[in-house]
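Encoded as structure tokens, the structure appears first; notes follow it.
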Amino acid sequence: MPASLPLLARLAKRLAPATRGRAAELLAFLLYAPRGFWPLSVPQHHAQTDLTLRRNQLILLVEVKYRTSRNRAHLALTPGQSRRLHRQALAVAARHPGCTVRVELCLIFPHWPCVQCIPVLATSERRG
């Protein structure tokens with residue numbers, strides 16, 4: 001293994017992909033929890049994002065992607081996934097009238113800066 005890889009990248013390569021994904025989701029939750037976001041229970045057929053969080057009248061759908069480099073992380077969201085996230089945001093907004101639904105992409109990579117959160121979509125507030 002090349003010595004130029006950061007220590008975290010070398011450690012992460014030893015983990016199974018599913019384990020890396022769960023660790024990335026846990027890290028993302030730990031980033032949002034201090035800002036007042038807590039898990040929101042949604043029906044299984046609506047739960048397509050990695051995290052569904054709520055703070056007051058804001059529902060945040062977070063898609064978490066772990067990649068070994070920042071460039072690869074920025075290419076992680078495909079157009080099909082983007083359409084799926086949009087459909088899910090509309091479905092969640094319909095189930096929670098009066099709330100604003102926002103979709104974010106949380107990119108995690110093993111070098112500085114380790115995390116980048118990018119807003120992807122926001123639905124306007126619906127009045128019930």
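Labels for the structure tokens follow display order: chains A, B, ..., residues from 1 in each chain, ligands from 1.
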**Request:** Would you kindly return, as a VMD selection string, each protein, DNA or RNA residue with an atom no farther than 12 Å from any atom of A:Arg84, considering only C-alpha atoms and excluding same-chain residues fewer than 2 positions away?
**Result:** chain A and resid 46 to 49 61 63 77 to 82 86 to 91 103 121
Go ahead and save the residues from that selection, with C-alpha atoms, as a short mmCIF file (atom, residue, chain, number, x, y, z; two decimals), in the first residue's frame.
data_model
loop_
_atom_site.label_atom_id
_atom_site.label_comp_id
_atom_site.auth_asym_id
_atom_site.auth_seq_id
_atom_site.Cartn_x
_atom_site.Cartn_y
_atom_site.Cartn_z
CA HIS A 46 -40.32 6.39 2.00
CA ALA A 47 -36.98 5.84 3.77
CA GLN A 48 -34.63 6.01 0.80
CA THR A 49 -32.05 8.40 2.21
CA LEU A 61 -33.09 14.21 4.22
CA GLU A 63 -27.68 11.20 1.66
CA LEU A 77 -24.58 11.48 -6.67
CA THR A 78 -25.92 10.21 -9.98
CA PRO A 79 -28.83 11.85 -11.85
CA GLY A 80 -31.02 8.83 -11.03
CA GLN A 81 -30.29 9.20 -7.32
CA SER A 82 -31.02 12.91 -7.56
CA HIS A 86 -36.54 14.69 -5.23
CA ARG A 87 -39.43 12.20 -5.25
CA GLN A 88 -38.77 11.31 -1.63
CA ALA A 89 -38.67 14.99 -0.62
CA LEU A 90 -42.07 15.53 -2.23
CA ALA A 91 -43.52 12.45 -0.50
CA VAL A 103 -32.17 17.40 0.94
CA LEU A 121 -32.85 20.53 -2.90
#
Based on the backbone DSSP call, show me all residues of chain A assigned strand (DSSP E), as an mmCIF file with N, CA and C atoms, in the first residue's frame.
data_model
loop_
_atom_site.group_PDB
_atom_site.id
_atom_site.type_symbol
_atom_site.label_atom_id
_atom_site.label_comp_id
_atom_site.auth_asym_id
_atom_site.auth_seq_id
_atom_site.Cartn_x
_atom_site.Cartn_y
_atom_site.Cartn_z
ATOM 1 N N TRP A 38 -32.795 15.553 15.106
ATOM 2 C CA TRP A 38 -33.007 14.225 15.679
ATOM 3 C C TRP A 38 -33.714 13.350 14.668
ATOM 4 N N PRO A 39 -33.535 12.034 14.746
ATOM 5 C CA PRO A 39 -34.126 11.128 13.754
ATOM 6 C C PRO A 39 -35.647 11.247 13.703
ATOM 7 N N LEU A 51 -30.224 9.252 6.204
ATOM 8 C CA LEU A 51 -30.708 9.859 7.446
ATOM 9 C C LEU A 51 -31.924 10.718 7.153
ATOM 10 N N THR A 52 -32.936 10.617 7.998
ATOM 11 C CA THR A 52 -34.086 11.505 7.950
ATOM 12 C C THR A 52 -34.149 12.171 9.317
ATOM 13 N N LEU A 53 -33.895 13.471 9.339
ATOM 14 C CA LEU A 53 -33.761 14.200 10.591
ATOM 15 C C LEU A 53 -34.767 15.344 10.651
ATOM 16 N N ARG A 54 -35.112 15.753 11.884
ATOM 17 C CA ARG A 54 -36.060 16.854 12.046
ATOM 18 C C ARG A 54 -35.593 17.790 13.152
ATOM 19 N N ARG A 55 -35.763 19.073 12.897
ATOM 20 C CA ARG A 55 -35.563 20.116 13.908
ATOM 21 C C ARG A 55 -36.692 21.106 13.712
ATOM 22 N N LEU A 58 -38.345 21.909 10.245
ATOM 23 C CA LEU A 58 -37.425 21.591 9.149
ATOM 24 C C LEU A 58 -37.128 20.092 9.162
ATOM 25 N N ILE A 59 -37.405 19.442 8.049
ATOM 26 C CA ILE A 59 -37.076 18.029 7.885
ATOM 27 C C ILE A 59 -35.910 17.959 6.914
ATOM 28 N N LEU A 60 -34.890 17.254 7.328
ATOM 29 C CA LEU A 60 -33.660 17.168 6.546
ATOM 30 C C LEU A 60 -33.464 15.724 6.095
ATOM 31 N N LEU A 61 -33.395 15.524 4.793
ATOM 32 C CA LEU A 61 -33.094 14.214 4.217
ATOM 33 C C LEU A 61 -31.625 14.243 3.812
ATOM 34 N N VAL A 62 -30.835 13.381 4.430
ATOM 35 C CA VAL A 62 -29.382 13.414 4.223
ATOM 36 C C VAL A 62 -28.937 12.138 3.516
ATOM 37 N N GLU A 63 -28.304 12.306 2.387
ATOM 38 C CA GLU A 63 -27.677 11.203 1.662
ATOM 39 C C GLU A 63 -26.197 11.261 1.991
ATOM 40 N N VAL A 64 -25.668 10.201 2.595
ATOM 41 C CA VAL A 64 -24.286 10.168 3.050
ATOM 42 C C VAL A 64 -23.466 9.344 2.052
ATOM 43 N N LYS A 65 -22.335 9.898 1.628
ATOM 44 C CA LYS A 65 -21.443 9.200 0.702
ATOM 45 C C LYS A 65 -20.026 9.235 1.262
ATOM 46 N N TYR A 66 -19.420 8.070 1.423
ATOM 47 C CA TYR A 66 -18.007 7.979 1.800
ATOM 48 C C TYR A 66 -17.222 7.627 0.556
ATOM 49 N N THR A 100 -40.819 22.443 6.128
ATOM 50 C CA THR A 100 -39.921 22.608 4.994
ATOM 51 C C THR A 100 -39.038 21.373 4.918
ATOM 52 N N VAL A 101 -38.918 20.808 3.742
ATOM 53 C CA VAL A 101 -38.093 19.613 3.543
ATOM 54 C C VAL A 101 -36.862 20.017 2.732
ATOM 55 N N ARG A 102 -35.702 19.650 3.243
ATOM 56 C CA ARG A 102 -34.449 19.971 2.558
ATOM 57 C C ARG A 102 -33.647 18.691 2.383
ATOM 58 N N VAL A 103 -33.018 18.551 1.231
ATOM 59 C CA VAL A 103 -32.166 17.399 0.941
ATOM 60 C C VAL A 103 -30.719 17.890 0.935
ATOM 61 N N GLU A 104 -29.872 17.165 1.663
ATOM 62 C CA GLU A 104 -28.447 17.491 1.685
ATOM 63 C C GLU A 104 -27.632 16.265 1.347
ATOM 64 N N LEU A 105 -26.514 16.500 0.717
ATOM 65 C CA LEU A 105 -25.535 15.462 0.425
ATOM 66 C C LEU A 105 -24.382 15.676 1.391
ATOM 67 N N CYS A 106 -24.106 14.676 2.211
ATOM 68 C CA CYS A 106 -23.010 14.752 3.186
ATOM 69 C C CYS A 106 -21.877 13.871 2.670
ATOM 70 N N LEU A 107 -20.803 14.515 2.229
ATOM 71 C CA LEU A 107 -19.653 13.809 1.670
ATOM 72 C C LEU A 107 -18.604 13.626 2.753
ATOM 73 N N ILE A 108 -18.131 12.409 2.893
ATOM 74 C CA ILE A 108 -17.117 12.096 3.895
ATOM 75 C C ILE A 108 -15.932 11.451 3.186
ATOM 76 N N VAL A 115 -15.272 16.313 6.008
ATOM 77 C CA VAL A 115 -16.720 16.314 5.768
ATOM 78 C C VAL A 115 -17.096 17.571 4.996
ATOM 79 N N GLN A 116 -18.018 17.391 4.050
ATOM 80 C CA GLN A 116 -18.582 18.529 3.334
ATOM 81 C C GLN A 116 -20.064 18.258 3.143
ATOM 82 N N CYS A 117 -20.915 19.178 3.580
ATOM 83 C CA CYS A 117 -22.364 19.038 3.424
ATOM 84 C C CYS A 117 -22.834 20.036 2.375
ATOM 85 N N ILE A 118 -23.530 19.517 1.368
ATOM 86 C CA ILE A 118 -23.961 20.327 0.233
ATOM 87 C C ILE A 118 -25.482 20.260 0.130
ATOM 88 N N PRO A 119 -26.193 21.399 0.210
ATOM 89 C CA PRO A 119 -27.636 21.377 -0.020
ATOM 90 C C PRO A 119 -27.925 21.011 -1.473
ATOM 91 N N VAL A 120 -28.839 20.067 -1.660
ATOM 92 C CA VAL A 120 -29.168 19.610 -3.003
ATOM 93 C C VAL A 120 -30.508 20.167 -3.451
ATOM 94 N N LEU A 121 -31.478 20.172 -2.534
ATOM 95 C CA LEU A 121 -32.846 20.534 -2.901
ATOM 96 C C LEU A 121 -33.576 21.012 -1.664
ATOM 97 N N ALA A 122 -34.434 21.999 -1.827
ATOM 98 C CA ALA A 122 -35.306 22.431 -0.750
ATOM 99 C C ALA A 122 -36.709 22.595 -1.312
#
**Request:** Going by DSSP on the backbone, which bits of chain A are alpha helix (DSSP H)? Write them as a PyMOL selection string, please.
**Result:** chain A and resi 7-13+17-32+70-74+79-95
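Take the candidates A:Phe109, A:Arg95, A:Asn71, A:Ala76 and check each one against A:Arg20 using only C-alpha atoms; the shortest distance goes to A:Phe109.
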